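Reviewing the structure listed below.
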Amino acid sequence: MRKAHVWTLVGLLALAVVASSLKAKEPAPKKPNLGMLRHVVLFKFKEGTSPAQLRKIEEGFRALPSKIPQVADFEWGTNNSPEGLDDGFTHCFLVTFHDEAGRAAYLPHPAHQEFVALLKPHMEKALVIDYVAKE
């Protein structure tokens, strides 16, 4: 009976070693698009902008990546910071391009200009910052 326990223990140990070596061979997590151009856009909306109007604006911005091939990545969200430093800005959109040429094509693109026309009547203020992603 003791031999069976020993062999079971040896088997479990071998399994742990194999599992450990497999895990060690997994690729390291990919760095998030280092070197790519990020276009950060924050919006503060006019008082009286309805939830339905906000939804149309959100949907309009979210549609841009499917209309403009230079957009390499896109994400957005609404402010939920507890710090109270938002100065009334409620929406953040992050558009990523491979390079400055991608941004240069995006800004005058008809789909982007159409979105700007939808946004402008409701926008009180915008803040835009572009940067190249670094570690």
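Ligands are numbered from 1 in the order shown, chains are lettered A, B, ... in the order of the structure tokens, and residues start at 1 in each chain.
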Which residues of stretch 34-71 of chain A have any atom within 6 Å of an atom in stretch 97-108 of chain A when counting only C-alpha atoms, and what is the closest pair of atoms for each, with the distance in Å to one decimal? Order the rows by chain and rising number and write it as CSV.
residue,atom,partner,partner_atom,distance
A:Met36,CA,A:His98,CA,5.0
A:Leu37,CA,A:Phe97,CA,5.1
A:Gln70,CA,A:Gly102,CA,4.9
A:Val71,CA,A:Phe97,CA,5.3
For those residues, write N, CA, C and O atoms to a file as a short mmCIF file (atom, residue, chain, number, x, y, z; two decimals), in the first residue's frame.
data_model
loop_
_atom_site.label_atom_id
_atom_site.label_comp_id
_atom_site.auth_asym_id
_atom_site.auth_seq_id
_atom_site.Cartn_x
_atom_site.Cartn_y
_atom_site.Cartn_z
N MET A 36 2.63 53.89 -30.74
CA MET A 36 1.48 54.33 -31.54
C MET A 36 0.99 55.68 -31.04
O MET A 36 1.20 56.06 -29.90
N LEU A 37 0.33 56.41 -31.93
CA LEU A 37 -0.18 57.75 -31.61
C LEU A 37 -1.55 57.64 -30.96
O LEU A 37 -2.47 57.03 -31.53
N GLN A 70 -7.93 54.16 -40.84
CA GLN A 70 -6.69 54.55 -40.15
C GLN A 70 -6.78 54.38 -38.64
O GLN A 70 -5.77 54.42 -37.95
N VAL A 71 -7.98 54.19 -38.10
CA VAL A 71 -8.14 53.98 -36.66
C VAL A 71 -7.68 52.56 -36.32
O VAL A 71 -8.27 51.58 -36.77
#
Which residues come within 9 Å of A:Val40, counting only C-alpha atoms, excluding same-chain residues fewer than 3 positions away, as a list of chain:residue names?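 With the cut-off at 9 Å, the set is A:Cys92, A:Phe93, A:Leu94, A:Val95, A:Thr96, A:Leu127, A:Val128, A:Ile129, A:Asp130, A:Tyr131.
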Please write the residues from the selection above to a file, keeping N, CA, C and O atoms, as an mmCIF file, in the first residue's frame.
data_model
loop_
_atom_site.group_PDB
_atom_site.id
_atom_site.type_symbol
_atom_site.label_atom_id
_atom_site.label_comp_id
_atom_site.auth_asym_id
_atom_site.auth_seq_id
_atom_site.Cartn_x
_atom_site.Cartn_y
_atom_site.Cartn_z
ATOM 1 N N CYS A 92 -14.853 60.464 -22.249
ATOM 2 C CA CYS A 92 -13.476 60.342 -22.732
ATOM 3 C C CYS A 92 -13.452 59.322 -23.869
ATOM 4 O O CYS A 92 -13.999 58.225 -23.734
ATOM 5 N N PHE A 93 -12.837 59.700 -24.973
ATOM 6 C CA PHE A 93 -12.670 58.824 -26.122
ATOM 7 C C PHE A 93 -11.181 58.723 -26.421
ATOM 8 O O PHE A 93 -10.490 59.741 -26.455
ATOM 9 N N LEU A 94 -10.688 57.516 -26.623
ATOM 10 C CA LEU A 94 -9.281 57.285 -26.929
ATOM 11 C C LEU A 94 -9.198 56.604 -28.290
ATOM 12 O O LEU A 94 -9.663 55.481 -28.462
ATOM 13 N N VAL A 95 -8.612 57.325 -29.252
ATOM 14 C CA VAL A 95 -8.460 56.809 -30.607
ATOM 15 C C VAL A 95 -6.967 56.586 -30.836
ATOM 16 O O VAL A 95 -6.169 57.482 -30.580
ATOM 17 N N THR A 96 -6.599 55.409 -31.318
ATOM 18 C CA THR A 96 -5.194 55.088 -31.544
ATOM 19 C C THR A 96 -4.938 54.935 -33.034
ATOM 20 O O THR A 96 -5.712 54.303 -33.749
ATOM 21 N N LEU A 127 -11.451 68.948 -24.816
ATOM 22 C CA LEU A 127 -10.029 68.944 -24.501
ATOM 23 C C LEU A 127 -9.427 67.784 -25.289
ATOM 24 O O LEU A 127 -9.913 66.656 -25.204
ATOM 25 N N VAL A 128 -8.403 68.087 -26.098
ATOM 26 C CA VAL A 128 -7.780 67.062 -26.929
ATOM 27 C C VAL A 128 -6.287 67.050 -26.635
ATOM 28 O O VAL A 128 -5.641 68.100 -26.641
ATOM 29 N N ILE A 129 -5.769 65.868 -26.380
ATOM 30 C CA ILE A 129 -4.348 65.673 -26.172
ATOM 31 C C ILE A 129 -3.914 64.490 -27.022
ATOM 32 O O ILE A 129 -4.552 63.432 -26.978
ATOM 33 N N ASP A 130 -2.861 64.684 -27.806
ATOM 34 C CA ASP A 130 -2.291 63.601 -28.594
ATOM 35 C C ASP A 130 -0.889 63.311 -28.072
ATOM 36 O O ASP A 130 -0.157 64.226 -27.713
ATOM 37 N N TYR A 131 -0.534 62.032 -28.033
ATOM 38 C CA TYR A 131 0.792 61.650 -27.576
ATOM 39 C C TYR A 131 1.183 60.318 -28.200
ATOM 40 O O TYR A 131 0.327 59.561 -28.657
#
Hey, what's within 7 Å of A:Phe89 if we count only C-alpha atoms and toss same-chain stuff fewer than 3 positions away? As an NGL selection string, please? :A and (42-44 or 86)
A:Lys120: which residues within 10 Å, counting only C-alpha atoms, same-chain residues fewer than 6 positions away excluded, as a ChimeraX atom specification? /A:45-46,57,126
Point-to-point distance in Å for atom CA of A:Val132 and atom CA of A:Glu58: 24.7 Å
Report as a short mmCIF file (atom, residue, chain, number, x, y, z; two decimals) with N, CA, C and O atoms, in the first residue's frame: the residues of stretch 15-120 of chain A with a DSSP assignment of strand (DSSP E), based on the backbone of this structure.
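Once written, part-v3.cif looks like this:
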data_model
loop_
_atom_site.label_atom_id
_atom_site.label_comp_id
_atom_site.auth_asym_id
_atom_site.auth_seq_id
_atom_site.Cartn_x
_atom_site.Cartn_y
_atom_site.Cartn_z
N LEU A 37 0.33 56.41 -31.93
CA LEU A 37 -0.18 57.75 -31.61
C LEU A 37 -1.55 57.64 -30.96
O LEU A 37 -2.47 57.03 -31.53
N ARG A 38 -1.68 58.22 -29.79
CA ARG A 38 -2.97 58.23 -29.06
C ARG A 38 -3.60 59.61 -29.19
O ARG A 38 -2.92 60.62 -29.06
N HIS A 39 -4.88 59.62 -29.43
CA HIS A 39 -5.67 60.84 -29.58
C HIS A 39 -6.75 60.79 -28.50
O HIS A 39 -7.70 60.01 -28.59
N VAL A 40 -6.55 61.56 -27.43
CA VAL A 40 -7.46 61.56 -26.29
C VAL A 40 -8.40 62.75 -26.41
O VAL A 40 -7.95 63.89 -26.56
N VAL A 41 -9.69 62.49 -26.36
CA VAL A 41 -10.70 63.54 -26.52
C VAL A 41 -11.64 63.50 -25.32
O VAL A 41 -12.24 62.47 -25.03
N LEU A 42 -11.76 64.64 -24.63
CA LEU A 42 -12.68 64.77 -23.50
C LEU A 42 -13.76 65.78 -23.86
O LEU A 42 -13.45 66.82 -24.45
N PHE A 43 -15.00 65.48 -23.50
CA PHE A 43 -16.11 66.39 -23.79
C PHE A 43 -16.84 66.81 -22.52
O PHE A 43 -17.09 66.00 -21.63
N LYS A 44 -17.19 68.08 -22.52
CA LYS A 44 -18.09 68.66 -21.52
C LYS A 44 -19.29 69.13 -22.33
O LYS A 44 -19.14 69.88 -23.30
N PHE A 45 -20.48 68.69 -21.95
CA PHE A 45 -21.67 69.00 -22.72
C PHE A 45 -22.46 70.16 -22.13
O PHE A 45 -22.42 70.40 -20.92
N VAL A 71 -7.98 54.19 -38.10
CA VAL A 71 -8.14 53.98 -36.66
C VAL A 71 -7.68 52.56 -36.32
O VAL A 71 -8.27 51.58 -36.77
N ALA A 72 -6.60 52.47 -35.55
CA ALA A 72 -6.03 51.18 -35.18
C ALA A 72 -6.70 50.58 -33.95
O ALA A 72 -6.80 49.36 -33.82
N ASP A 73 -7.18 51.45 -33.05
CA ASP A 73 -7.83 50.98 -31.83
C ASP A 73 -8.70 52.10 -31.30
O ASP A 73 -8.47 53.28 -31.60
N PHE A 74 -9.70 51.74 -30.50
CA PHE A 74 -10.66 52.73 -30.02
C PHE A 74 -11.25 52.24 -28.71
O PHE A 74 -11.54 51.06 -28.55
N GLU A 75 -11.40 53.15 -27.77
CA GLU A 75 -12.15 52.85 -26.55
C GLU A 75 -12.73 54.15 -26.01
O GLU A 75 -12.29 55.23 -26.38
N TRP A 76 -13.72 54.01 -25.17
CA TRP A 76 -14.35 55.20 -24.61
C TRP A 76 -15.02 54.85 -23.29
O TRP A 76 -15.21 53.68 -22.96
N GLY A 77 -15.37 55.87 -22.55
CA GLY A 77 -16.10 55.67 -21.31
C GLY A 77 -16.55 57.00 -20.74
O GLY A 77 -16.19 58.07 -21.25
N THR A 78 -17.34 56.92 -19.69
CA THR A 78 -17.80 58.13 -19.01
C THR A 78 -17.11 58.23 -17.66
O THR A 78 -16.74 57.23 -17.06
N HIS A 91 -17.20 62.68 -20.75
CA HIS A 91 -16.91 61.60 -21.70
C HIS A 91 -15.46 61.64 -22.16
O HIS A 91 -14.92 62.72 -22.43
N CYS A 92 -14.85 60.46 -22.25
CA CYS A 92 -13.48 60.34 -22.73
C CYS A 92 -13.45 59.32 -23.87
O CYS A 92 -14.00 58.23 -23.73
N PHE A 93 -12.84 59.70 -24.97
CA PHE A 93 -12.67 58.82 -26.12
C PHE A 93 -11.18 58.72 -26.42
O PHE A 93 -10.49 59.74 -26.46
N LEU A 94 -10.69 57.52 -26.62
CA LEU A 94 -9.28 57.28 -26.93
C LEU A 94 -9.20 56.60 -28.29
O LEU A 94 -9.66 55.48 -28.46
N VAL A 95 -8.61 57.32 -29.25
CA VAL A 95 -8.46 56.81 -30.61
C VAL A 95 -6.97 56.59 -30.84
O VAL A 95 -6.17 57.48 -30.58
N THR A 96 -6.60 55.41 -31.32
CA THR A 96 -5.19 55.09 -31.54
C THR A 96 -4.94 54.94 -33.03
O THR A 96 -5.71 54.30 -33.75
N PHE A 97 -3.82 55.53 -33.46
CA PHE A 97 -3.37 55.45 -34.85
C PHE A 97 -1.98 54.83 -34.87
O PHE A 97 -1.22 54.96 -33.91
#
Between A:Gly84, A:Gly60, A:Pro51, A:Gly35, which is the closest to A:Leu118 once you count only C-alpha atoms?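 Among the listed residues, A:Gly60 lies closest to A:Leu118.
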At what distance in Å, to one decimal, does atom CA of A:Thr90 lie from atom CA of A:Thr49?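 Between atom CA of A:Thr49 and atom CA of A:Thr90 the gap is 12.1 Å.
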Could you please determine the separation between atom CA of A:Ala111 and atom CA of A:Gly88 in Å, to one decimal place?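 Going from atom CA of A:Ala111 over to atom CA of A:Gly88, I get 26.9 Å.
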